[in-house]
Amino acid sequence: MTELKKDIQKEFKNYLKNLIVLIFTVIPLYFEISLAEKFINSQNDKLLWFMDLGIYNFIFSIIASTFMYFYSSLKTTIEIKLFYTEDKLKNVKIKHNENKQIILEITAKGKRKNIPGEMVLNYPDWLDMQIKGRPYLTSLDEQNQYVLDLQKMFNQQKEINQTKEIAIDLIGNGNPEEKNSIEIIPELTKGNRNPLRRVKFQGLKIEIKGN
C-alpha cells in the first residue's frame, strides 16, 4: 500500500508539472507572441503556431525541471526503516516467549533545522519491545509506545549526513494458542509537516506463531 501511494504521488506530481507547463505555454500563444517567426520565414500561421507551441513548451519544461531540481536540493531527506537481520528483511516471524532482534535505521541528509521533532513507535499488547535507554528516547509503557526526539538524536551540526541504528529486542507475549500479525510503521507526531522535508518510511511485518 505504501509503494502504491508513492507511485500515485509521483504520477500526480508529473501531471501537475505538465499542467503548469501547459498553462504557461498557452499564455504567449493567446497574446500572439511569436518566437518562431523570428527564425522561420513563413506566412503559414498554422505552421508558426505549432512551432511556437513546441518552442514555448520546451522552454517552460526546462524552467520547471530546473526549479524542481533546486527545490529538491534544498530539502532535507529522512529515511526511517525497520528491518530484520543484516539482509534488511521486511518481515519476521516470532514464537511466544521467543526473543528476536530487529533494527531501526534512521538516515538524515540536509539541514538539521528541517528534521522533524518527534517520531513514535507503537506496538500491540501481544508483543513486547525493549530498547536500551538513550537521551533522546522516552518509553511510554502504558501506551505501548516509544517516542524518539530526532532533533536530539541529530544535534551535532547544522548540516548532517548521518545514519543511526537502534537495536530493538522483540519478545512474543499473549496466548500461545493465538496467531497475530501486524505491520509496525514508524510515525511522526502531529504538527511535523515541513515543505522542505522529505520523509520515507519502511515498516516491518511481524507475525507471532501459535504453538
# chains A, B, ... in the order shown; residues from 1 in each chain; ligands from 1
>>> select_by_dssp(residues="region 2-186 of chain A", states="helix (DSSP H, G or I)", output="PyMOL selection string")
chain A and resi 2-30+36-38+45-74+112-114+141-143+150-153
>>> residues_around(residues="Met129 (chain A)", least_positions_apart="2", cutoff="7 Å", atoms="only C-alpha atoms", output="list in words")
Leu127, Ile131, Ile168, Asp169, Leu170 and Ile171 of chain A
>>> residues_around(residues="region 157-167 of chain A", least_positions_apart="4", cutoff="12 Å", atoms="only C-alpha atoms", output="PyMOL selection string")
chain A and resi 74-86+100-115+129-134+136-137+148+150-153
>>> write_last_selection(atoms="C-alpha atoms", output="mmCIF file, in the first residue's frame")
data_model
loop_
_atom_site.group_PDB
_atom_site.id
_atom_site.type_symbol
_atom_site.label_atom_id
_atom_site.label_comp_id
_atom_site.auth_asym_id
_atom_site.auth_seq_id
_atom_site.Cartn_x
_atom_site.Cartn_y
_atom_site.Cartn_z
ATOM 1 C CA LEU A 74 17.010 22.382 -0.572
ATOM 2 C CA LYS A 75 15.052 19.555 1.024
ATOM 3 C CA THR A 76 16.234 17.530 3.984
ATOM 4 C CA THR A 77 15.749 13.812 3.388
ATOM 5 C CA ILE A 78 14.985 11.436 6.237
ATOM 6 C CA GLU A 79 14.680 7.686 5.714
ATOM 7 C CA ILE A 80 13.275 5.657 8.599
ATOM 8 C CA LYS A 81 13.376 1.871 8.249
ATOM 9 C CA LEU A 82 12.533 -1.113 10.394
ATOM 10 C CA PHE A 83 14.082 -4.397 9.306
ATOM 11 C CA TYR A 84 15.186 -7.819 10.495
ATOM 12 C CA THR A 85 18.787 -9.144 10.236
ATOM 13 C CA GLU A 86 21.632 -7.784 8.120
ATOM 14 C CA LYS A 100 14.470 -11.712 18.273
ATOM 15 C CA GLN A 101 16.289 -8.510 17.466
ATOM 16 C CA ILE A 102 15.259 -6.011 14.807
ATOM 17 C CA ILE A 103 16.879 -2.758 13.726
ATOM 18 C CA LEU A 104 15.517 0.769 13.492
ATOM 19 C CA GLU A 105 17.651 2.668 10.975
ATOM 20 C CA ILE A 106 17.362 6.436 10.580
ATOM 21 C CA THR A 107 19.275 8.285 7.851
ATOM 22 C CA ALA A 108 19.233 12.082 7.665
ATOM 23 C CA LYS A 109 20.743 14.245 4.908
ATOM 24 C CA GLY A 110 20.442 18.016 4.728
ATOM 25 C CA LYS A 111 19.825 20.823 7.190
ATOM 26 C CA ARG A 112 19.238 19.849 10.806
ATOM 27 C CA LYS A 113 16.603 22.574 11.279
ATOM 28 C CA ASN A 114 14.327 20.714 8.832
ATOM 29 C CA ILE A 115 14.450 17.451 10.770
ATOM 30 C CA MET A 129 9.543 -4.109 22.532
ATOM 31 C CA GLN A 130 12.668 -3.348 24.515
ATOM 32 C CA ILE A 131 15.137 -0.582 23.626
ATOM 33 C CA LYS A 132 18.130 0.391 25.737
ATOM 34 C CA GLY A 133 17.840 3.846 27.277
ATOM 35 C CA ARG A 134 19.098 6.834 25.309
ATOM 36 C CA TYR A 136 16.528 11.087 23.024
ATOM 37 C CA LEU A 137 14.273 8.112 23.865
ATOM 38 C CA LEU A 148 12.208 9.417 19.801
ATOM 39 C CA LEU A 150 15.015 13.291 16.317
ATOM 40 C CA GLN A 151 16.315 16.798 16.981
ATOM 41 C CA LYS A 152 18.262 15.465 19.972
ATOM 42 C CA MET A 153 19.397 12.436 18.015
#
>>> residues_around(residues="region 93-98 of chain A", least_positions_apart="2", cutoff="8 Å", atoms="only C-alpha atoms", output="list in words")
Asn91, Lys100, Leu170, Ile171, Gly172, Asn173, Gly174, Asn175, Pro176, Ile206, Glu207, Ile208, Lys209, Gly210 and Asn211 of chain A
>>> residues_around(residues="Pro124 (chain A)", least_positions_apart="6", cutoff="10 Å", atoms="only C-alpha atoms", output="list in words")
Gln143, Asn144, Gln145, Asn173, Asn180, Ser181, Ile182 and Ile184 of chain A
>>> residues_around(residues="Ile27 (chain A)", least_positions_apart="6", cutoff="12 Å", atoms="only C-alpha atoms", output="VMD selection string")
chain A and resid 20 to 21 33 to 34 52 to 53 56 to 57 60
>>> write_last_selection(atoms="N, CA and C atoms", output="mmCIF file, in the first residue's frame")
data_model
loop_
_atom_site.group_PDB
_atom_site.id
_atom_site.type_symbol
_atom_site.label_atom_id
_atom_site.label_comp_id
_atom_site.auth_asym_id
_atom_site.auth_seq_id
_atom_site.Cartn_x
_atom_site.Cartn_y
_atom_site.Cartn_z
ATOM 1 N N ILE A 20 1.132 22.789 -15.371
ATOM 2 C CA ILE A 20 1.721 24.120 -15.188
ATOM 3 C C ILE A 20 2.463 24.555 -16.444
ATOM 4 N N VAL A 21 3.217 23.628 -17.035
ATOM 5 C CA VAL A 21 3.933 23.937 -18.278
ATOM 6 C C VAL A 21 2.950 24.307 -19.382
ATOM 7 N N ILE A 33 2.235 36.144 -29.141
ATOM 8 C CA ILE A 33 3.661 36.475 -29.053
ATOM 9 C C ILE A 33 4.430 35.325 -29.696
ATOM 10 N N SER A 34 5.005 35.577 -30.831
ATOM 11 C CA SER A 34 5.633 34.510 -31.608
ATOM 12 C C SER A 34 7.155 34.608 -31.566
ATOM 13 N N ASP A 52 5.647 27.606 -32.439
ATOM 14 C CA ASP A 52 5.650 28.336 -31.167
ATOM 15 C C ASP A 52 5.229 27.431 -30.007
ATOM 16 N N LEU A 53 4.251 26.579 -30.278
ATOM 17 C CA LEU A 53 3.803 25.641 -29.244
ATOM 18 C C LEU A 53 4.960 24.764 -28.770
ATOM 19 N N TYR A 56 7.756 27.086 -26.902
ATOM 20 C CA TYR A 56 7.368 27.508 -25.551
ATOM 21 C C TYR A 56 7.262 26.311 -24.599
ATOM 22 N N ASN A 57 6.764 25.197 -25.115
ATOM 23 C CA ASN A 57 6.671 24.003 -24.275
ATOM 24 C C ASN A 57 8.065 23.552 -23.834
ATOM 25 N N PHE A 60 9.503 26.251 -21.181
ATOM 26 C CA PHE A 60 8.892 26.184 -19.850
ATOM 27 C C PHE A 60 9.110 24.824 -19.186
#
>>> select_by_dssp(residues="region 14-192 of chain A", states="strand (DSSP E)", output="JSON, numbers by chain")
{"A": [76, 77, 78, 79, 80, 81, 82, 83, 84, 91, 92, 93, 94, 95, 99, 100, 101, 102, 103, 104, 105, 106, 107, 108, 109, 110, 111, 118, 119, 120, 121, 122, 127, 128, 129, 130, 137, 138, 139, 140, 145, 146, 147, 148, 149, 159, 160, 161, 162, 163, 164, 165, 166, 167, 168, 169, 170, 171, 172, 180, 181, 182, 183, 184, 187, 188]}
>>> atom_distance(atom1="CA of Phe201 (chain A)", atom2="CA of Glu183 (chain A)")
12.0 Å
